[in-house]
Structure formats: C-alpha cells, structure tokens
Amino acid sequence: MGAGATGEGTRARPWKLKTPSGQSEFVAFRDPDLDPPALVVQVGRTELQYQLRCLEDLRSVLRAHADWMPLGSADEQKPAAEGTVEAWARSPKNPVGGWYGMKKGLRGRFGNYVPPVMEVLGLAEVEHHPKGNRMRSKP
C-alpha cells in the first residue's frame with residue numbers, strides 16, 4: 001500500500017489517502033454497481049466520481065509514455081496544462097473521448113485524486129513534493 005494509506009477501497013472501508021502534495025486528506029473507493037462503474041472520491045462533503053476504467057486506461061498511457069508525467073491538477077473550469085495527466089483525463093483523444101469525471105462541475109482535479117489511488121494499488125509511482133508532482137507506471 002502506498003504512502004501511509006489505510007482501508008480496502010470499498011464503500012464500507014474506503015482508502016484514506018493524501019493528495020500528492022500531502023496537504024489534504026480524502027477517502028476513495030471503487031463502486032462497481034454505479035452505471036458506469038466509478039471511482040468515488042470524498043473530499044469533505046464533496047463527492048467526485050471518475051469512471052472506474054480510468055485506472056487501467058491511465059496505467060496504459062503511463063506505460064506508453066515510459067517516463068515521468070506531470071500531474072497538472074486543475075478544477076474543471078480551469079484549463080489543464082498540456083502534457084499532464086489532468087489534460088489527458090479531459091482529452092477527446094483519450095479512450096472515453098473526453099472527461100473521466102462524471103459529475104458536471106466536479107469533473108476536474110483528476111491529477112490530484114486518481115494518482116494516489118494508482119499508487120495504493122501498486123500501479124504507479126507518484127512524487128510527493130509541495131508542487132510540481134509527477135507519476136510514472138510501475139514496471
């Protein structure tokens with residue numbers, strides 16, 4: 001399990017995680033019963049949902065990239081920097097043809113909340129600096 005995470009990733013026992021910078025805590029779990037299946041992220045009272053397939057899709061893109069990729073987290077209303085995980089998660093060229101986020105107005109911040117889940121699952125390495133974090137696929 002990555003970076004001090006606890007939990008099992010279920011609704012009853014969600015992962016308790018920190019953002020890559022370590023500044024904020026959140027919980028996350030997989031909900032395969034939603035349509036489409038989702039990765040649910042709870043930040044305080046706010047619930048974000050990303051299509052669950054994002055975990056394997058991002059793993060594939062990181063493997064193809066074969067190097068560190070900047071996270072570039074941004075709210076939905078703000079543009080994402082090119083070449084970042086956040087920009088990929090919004091791109092019409094990704095496998096879902098656009099946003100992985102499922103709740104309009106709360107579709108951003110993918111680069112902040114999905115990488116720690118990838119890390120806890122052993123799918124990726126994530127940097128933990130105050131700013132400018134990156135991730136890469138685990139071999």
# chains A, B, ... in the order shown; residues from 1 in each chain; ligands from 1
>>> select_by_dssp(residues="region 23-139 of chain A", states="helix (DSSP H, G or I)", output="PyMOL selection string")
chain A and resi 54-65+85-88+110-120
>>> residues_around(residues="region 75-87 of chain A", least_positions_apart="5", cutoff="6 Å", atoms="only C-alpha atoms", output="list in words")
Pro70, Arg107, Gly108, Arg109, Phe110 and Gly111 of chain A
>>> write_last_selection(atoms="C-alpha atoms", output="short mmCIF file (atom, residue, chain, number, x, y, z; two decimals), in the first residue's frame")
data_model
loop_
_atom_site.label_atom_id
_atom_site.label_comp_id
_atom_site.auth_asym_id
_atom_site.auth_seq_id
_atom_site.Cartn_x
_atom_site.Cartn_y
_atom_site.Cartn_z
CA PRO A 70 3.35 15.79 -14.67
CA ARG A 107 -15.03 16.64 -13.29
CA GLY A 108 -11.61 18.19 -12.74
CA ARG A 109 -8.88 17.55 -10.16
CA PHE A 110 -8.23 14.10 -11.70
CA GLY A 111 -4.47 14.71 -11.32
#
>>> closest_atom_pairs(of="region 14-38 of chain A", to="region 121-125 of chain A", cutoff="12 Å", atoms="only C-alpha atoms", output="Markdown table")
| residue | atom | partner | partner_atom | distance |
| --- | --- | --- | --- | --- |
| A:Trp15 | CA | A:Leu121 | CA | 10.3 |
| A:Leu17 | CA | A:Leu121 | CA | 11.9 |
| A:Pro20 | CA | A:Glu125 | CA | 10.6 |
| A:Ala28 | CA | A:Leu121 | CA | 11.9 |
| A:Phe29 | CA | A:Leu121 | CA | 11.5 |
| A:Arg30 | CA | A:Leu121 | CA | 11.6 |
>>> write_last_selection(atoms="C-alpha atoms", output="compact mmCIF listing (two decimals), in the first residue's frame")
# COMPACT_ATOMS: atom_id res chain seq x y z
CA TRP A 15 -8.93 4.11 1.34
CA LEU A 17 -5.37 8.92 1.30
CA PRO A 20 0.33 14.04 -3.79
CA ALA A 28 -11.76 6.91 -2.11
CA PHE A 29 -13.39 3.63 -3.05
CA ARG A 30 -14.43 1.62 -6.07
>>> select_by_dssp(residues="region 1-73 of chain A", states="strand (DSSP E or B)", output="list in words")
Thr6, Trp15, Lys16, Leu17, Lys18, Glu25, Phe26, Val27, Ala28, Phe29, Arg30, Asp31, Ala38, Leu39, Val40, Val41, Gln42, Val43, Thr46, Glu47, Leu48, Gln49, Tyr50, Gln51, Met69 and Pro70 of chain A
>>> write_last_selection(atoms="N, CA and C atoms", output="compact mmCIF listing (two decimals), in the first residue's frame")
# COMPACT_ATOMS: atom_id res chain seq x y z
N THR A 6 -4.64 3.74 4.29
CA THR A 6 -5.34 2.69 5.01
C THR A 6 -6.64 2.39 4.28
N TRP A 15 -10.32 3.72 1.13
CA TRP A 15 -8.93 4.11 1.34
C TRP A 15 -8.93 5.51 1.95
N LYS A 16 -8.09 5.72 2.92
CA LYS A 16 -7.84 7.05 3.47
C LYS A 16 -6.50 7.48 2.91
N LEU A 17 -6.53 8.51 2.08
CA LEU A 17 -5.37 8.92 1.30
C LEU A 17 -5.05 10.40 1.50
N LYS A 18 -3.89 10.78 1.00
CA LYS A 18 -3.50 12.19 0.95
C LYS A 18 -3.22 12.55 -0.50
N GLU A 25 -6.33 15.53 2.94
CA GLU A 25 -6.74 14.14 3.06
C GLU A 25 -8.08 13.94 2.35
N PHE A 26 -8.31 12.72 1.86
CA PHE A 26 -9.57 12.37 1.24
C PHE A 26 -9.75 10.87 1.35
N VAL A 27 -10.96 10.41 1.07
CA VAL A 27 -11.21 8.97 1.02
C VAL A 27 -11.66 8.62 -0.40
N ALA A 28 -11.39 7.37 -0.78
CA ALA A 28 -11.76 6.91 -2.11
C ALA A 28 -12.12 5.43 -2.05
N PHE A 29 -13.02 5.04 -2.95
CA PHE A 29 -13.39 3.63 -3.05
C PHE A 29 -13.92 3.34 -4.43
N ARG A 30 -13.87 2.08 -4.80
CA ARG A 30 -14.43 1.62 -6.07
C ARG A 30 -15.89 1.27 -5.85
N ASP A 31 -16.75 1.71 -6.77
CA ASP A 31 -18.16 1.34 -6.73
C ASP A 31 -18.54 0.74 -8.08
N ALA A 38 -17.64 3.32 -11.00
CA ALA A 38 -16.93 4.55 -10.67
C ALA A 38 -15.88 4.37 -9.58
N LEU A 39 -14.92 5.26 -9.64
CA LEU A 39 -14.01 5.52 -8.54
C LEU A 39 -14.61 6.73 -7.84
N VAL A 40 -15.02 6.55 -6.60
CA VAL A 40 -15.68 7.62 -5.85
C VAL A 40 -14.66 8.25 -4.90
N VAL A 41 -14.58 9.58 -4.93
CA VAL A 41 -13.65 10.33 -4.09
C VAL A 41 -14.47 11.27 -3.22
N GLN A 42 -14.25 11.20 -1.92
CA GLN A 42 -14.96 12.07 -0.98
C GLN A 42 -13.94 13.03 -0.37
N VAL A 43 -14.15 14.33 -0.62
CA VAL A 43 -13.28 15.37 -0.08
C VAL A 43 -14.16 16.25 0.78
N THR A 46 -17.82 17.00 -0.30
CA THR A 46 -17.92 16.95 -1.76
C THR A 46 -17.57 15.55 -2.27
N GLU A 47 -18.43 15.02 -3.13
CA GLU A 47 -18.18 13.71 -3.73
C GLU A 47 -17.90 13.89 -5.22
N LEU A 48 -16.75 13.38 -5.64
CA LEU A 48 -16.39 13.36 -7.05
C LEU A 48 -16.45 11.92 -7.53
N GLN A 49 -16.75 11.73 -8.79
CA GLN A 49 -16.78 10.39 -9.37
C GLN A 49 -16.05 10.41 -10.70
N TYR A 50 -15.19 9.41 -10.86
CA TYR A 50 -14.47 9.23 -12.11
C TYR A 50 -14.80 7.83 -12.62
N GLN A 51 -14.89 7.67 -13.93
CA GLN A 51 -15.15 6.34 -14.47
C GLN A 51 -14.06 5.40 -13.97
N MET A 69 5.35 11.68 -15.85
CA MET A 69 4.35 12.55 -16.48
C MET A 69 3.84 13.52 -15.40
N PRO A 70 3.85 14.83 -15.66
CA PRO A 70 3.35 15.79 -14.67
C PRO A 70 1.86 15.57 -14.40
>>> residues_around(residues="Asn133 (chain A)", least_positions_apart="5", cutoff="8 Å", atoms="only C-alpha atoms", output="list in words")
Pro20, Ser21, Pro70, Leu71, Gly72, Val126, Glu127 and His128 of chain A
>>> write_last_selection(atoms="N, CA and C atoms", output="PDB file, in the first residue's frame")
ATOM      1  N   PRO A  20      -1.113  14.190  -3.586  1.00  0.00           N
ATOM      2  CA  PRO A  20       0.332  14.044  -3.792  1.00  0.00           C
ATOM      3  C   PRO A  20       1.179  15.042  -3.004  1.00  0.00           C
ATOM      4  N   SER A  21       0.711  16.259  -2.832  1.00  0.00           N
ATOM      5  CA  SER A  21       1.478  17.255  -2.066  1.00  0.00           C
ATOM      6  C   SER A  21       1.437  16.983  -0.568  1.00  0.00           C
ATOM      7  N   PRO A  70       3.851  14.834 -15.662  1.00  0.00           N
ATOM      8  CA  PRO A  70       3.351  15.789 -14.672  1.00  0.00           C
ATOM      9  C   PRO A  70       1.861  15.575 -14.397  1.00  0.00           C
ATOM     10  N   LEU A  71       1.457  15.816 -13.138  1.00  0.00           N
ATOM     11  CA  LEU A  71       0.055  15.615 -12.767  1.00  0.00           C
ATOM     12  C   LEU A  71      -0.832  16.733 -13.282  1.00  0.00           C
ATOM     13  N   GLY A  72      -0.470  17.978 -12.995  1.00  0.00           N
ATOM     14  CA  GLY A  72      -1.207  19.113 -13.533  1.00  0.00           C
ATOM     15  C   GLY A  72      -2.639  19.249 -13.083  1.00  0.00           C
ATOM     16  N   VAL A 126       4.275   7.818  -7.535  1.00  0.00           N
ATOM     17  CA  VAL A 126       3.829   9.207  -7.504  1.00  0.00           C
ATOM     18  C   VAL A 126       4.791   9.999  -6.632  1.00  0.00           C
ATOM     19  N   GLU A 127       5.196  11.156  -7.122  1.00  0.00           N
ATOM     20  CA  GLU A 127       6.049  12.038  -6.315  1.00  0.00           C
ATOM     21  C   GLU A 127       5.199  12.757  -5.273  1.00  0.00           C
ATOM     22  N   HIS A 128       5.851  13.172  -4.179  1.00  0.00           N
ATOM     23  CA  HIS A 128       5.146  13.829  -3.072  1.00  0.00           C
ATOM     24  C   HIS A 128       5.893  15.088  -2.628  1.00  0.00           C
TER      25      HIS A 128
END
>>> atom_distance(atom1="CA of Arg45 (chain A)", atom2="CA of Arg59 (chain A)")
28.7 Å
>>> closest_residue(among="A:Pro32, A:Trp88, A:Ser24, A:His129", to="His65 (chain A)", atoms="only C-alpha atoms")
A:Trp88
>>> atom_distance(atom1="CA of Gly44 (chain A)", atom2="CA of Val120 (chain A)")
20.3 Å
>>> decode(residues="region 107-124 of chain A", atoms="N, CA and C atoms", output="PDB file, in the first residue's frame")
ATOM      1  N   ARG A 107     -15.733  17.622 -12.469  1.00  0.00           N
ATOM      2  CA  ARG A 107     -15.028  16.638 -13.287  1.00  0.00           C
ATOM      3  C   ARG A 107     -13.524  16.814 -13.275  1.00  0.00           C
ATOM      4  N   GLY A 108     -13.042  17.923 -12.773  1.00  0.00           N
ATOM      5  CA  GLY A 108     -11.606  18.185 -12.743  1.00  0.00           C
ATOM      6  C   GLY A 108     -10.929  17.552 -11.533  1.00  0.00           C
ATOM      7  N   ARG A 109      -9.706  17.995 -11.294  1.00  0.00           N
ATOM      8  CA  ARG A 109      -8.884  17.550 -10.159  1.00  0.00           C
ATOM      9  C   ARG A 109      -8.497  16.067 -10.264  1.00  0.00           C
ATOM     10  N   PHE A 110      -8.617  15.488 -11.436  1.00  0.00           N
ATOM     11  CA  PHE A 110      -8.231  14.103 -11.700  1.00  0.00           C
ATOM     12  C   PHE A 110      -6.772  13.882 -11.275  1.00  0.00           C
ATOM     13  N   GLY A 111      -5.899  14.821 -11.634  1.00  0.00           N
ATOM     14  CA  GLY A 111      -4.474  14.713 -11.321  1.00  0.00           C
ATOM     15  C   GLY A 111      -4.159  14.819  -9.847  1.00  0.00           C
ATOM     16  N   ASN A 112      -5.123  15.205  -9.049  1.00  0.00           N
ATOM     17  CA  ASN A 112      -4.944  15.320  -7.603  1.00  0.00           C
ATOM     18  C   ASN A 112      -5.409  14.068  -6.868  1.00  0.00           C
ATOM     19  N   TYR A 113      -6.480  13.446  -7.343  1.00  0.00           N
ATOM     20  CA  TYR A 113      -7.109  12.353  -6.602  1.00  0.00           C
ATOM     21  C   TYR A 113      -6.891  10.958  -7.175  1.00  0.00           C
ATOM     22  N   VAL A 114      -6.714  10.813  -8.477  1.00  0.00           N
ATOM     23  CA  VAL A 114      -6.539   9.482  -9.061  1.00  0.00           C
ATOM     24  C   VAL A 114      -5.118   8.940  -8.846  1.00  0.00           C
ATOM     25  N   PRO A 115      -4.057   9.743  -8.988  1.00  0.00           N
ATOM     26  CA  PRO A 115      -2.717   9.194  -8.772  1.00  0.00           C
ATOM     27  C   PRO A 115      -2.500   8.515  -7.412  1.00  0.00           C
ATOM     28  N   PRO A 116      -2.988   9.062  -6.283  1.00  0.00           N
ATOM     29  CA  PRO A 116      -2.802   8.336  -5.022  1.00  0.00           C
ATOM     30  C   PRO A 116      -3.497   6.967  -5.007  1.00  0.00           C
ATOM     31  N   VAL A 117      -4.620   6.851  -5.720  1.00  0.00           N
ATOM     32  CA  VAL A 117      -5.298   5.554  -5.813  1.00  0.00           C
ATOM     33  C   VAL A 117      -4.432   4.596  -6.633  1.00  0.00           C
ATOM     34  N   MET A 118      -3.870   5.094  -7.725  1.00  0.00           N
ATOM     35  CA  MET A 118      -2.976   4.271  -8.543  1.00  0.00           C
ATOM     36  C   MET A 118      -1.786   3.797  -7.712  1.00  0.00           C
ATOM     37  N   GLU A 119      -1.298   4.677  -6.870  1.00  0.00           N
ATOM     38  CA  GLU A 119      -0.158   4.330  -6.013  1.00  0.00           C
ATOM     39  C   GLU A 119      -0.537   3.255  -4.999  1.00  0.00           C
ATOM     40  N   VAL A 120      -1.680   3.403  -4.349  1.00  0.00           N
ATOM     41  CA  VAL A 120      -2.100   2.429  -3.344  1.00  0.00           C
ATOM     42  C   VAL A 120      -2.358   1.059  -3.965  1.00  0.00           C
ATOM     43  N   LEU A 121      -2.751   1.038  -5.221  1.00  0.00           N
ATOM     44  CA  LEU A 121      -2.985  -0.222  -5.930  1.00  0.00           C
ATOM     45  C   LEU A 121      -1.696  -0.825  -6.493  1.00  0.00           C
ATOM     46  N   GLY A 122      -0.587  -0.097  -6.361  1.00  0.00           N
ATOM     47  CA  GLY A 122       0.686  -0.586  -6.872  1.00  0.00           C
ATOM     48  C   GLY A 122       0.829  -0.465  -8.377  1.00  0.00           C
ATOM     49  N   LEU A 123       0.029   0.411  -9.001  1.00  0.00           N
ATOM     50  CA  LEU A 123       0.049   0.580 -10.448  1.00  0.00           C
ATOM     51  C   LEU A 123       0.986   1.690 -10.908  1.00  0.00           C
ATOM     52  N   ALA A 124       1.370   2.575  -9.994  1.00  0.00           N
ATOM     53  CA  ALA A 124       2.187   3.723 -10.387  1.00  0.00           C
ATOM     54  C   ALA A 124       3.007   4.230  -9.208  1.00  0.00           C
TER      55      ALA A 124
END
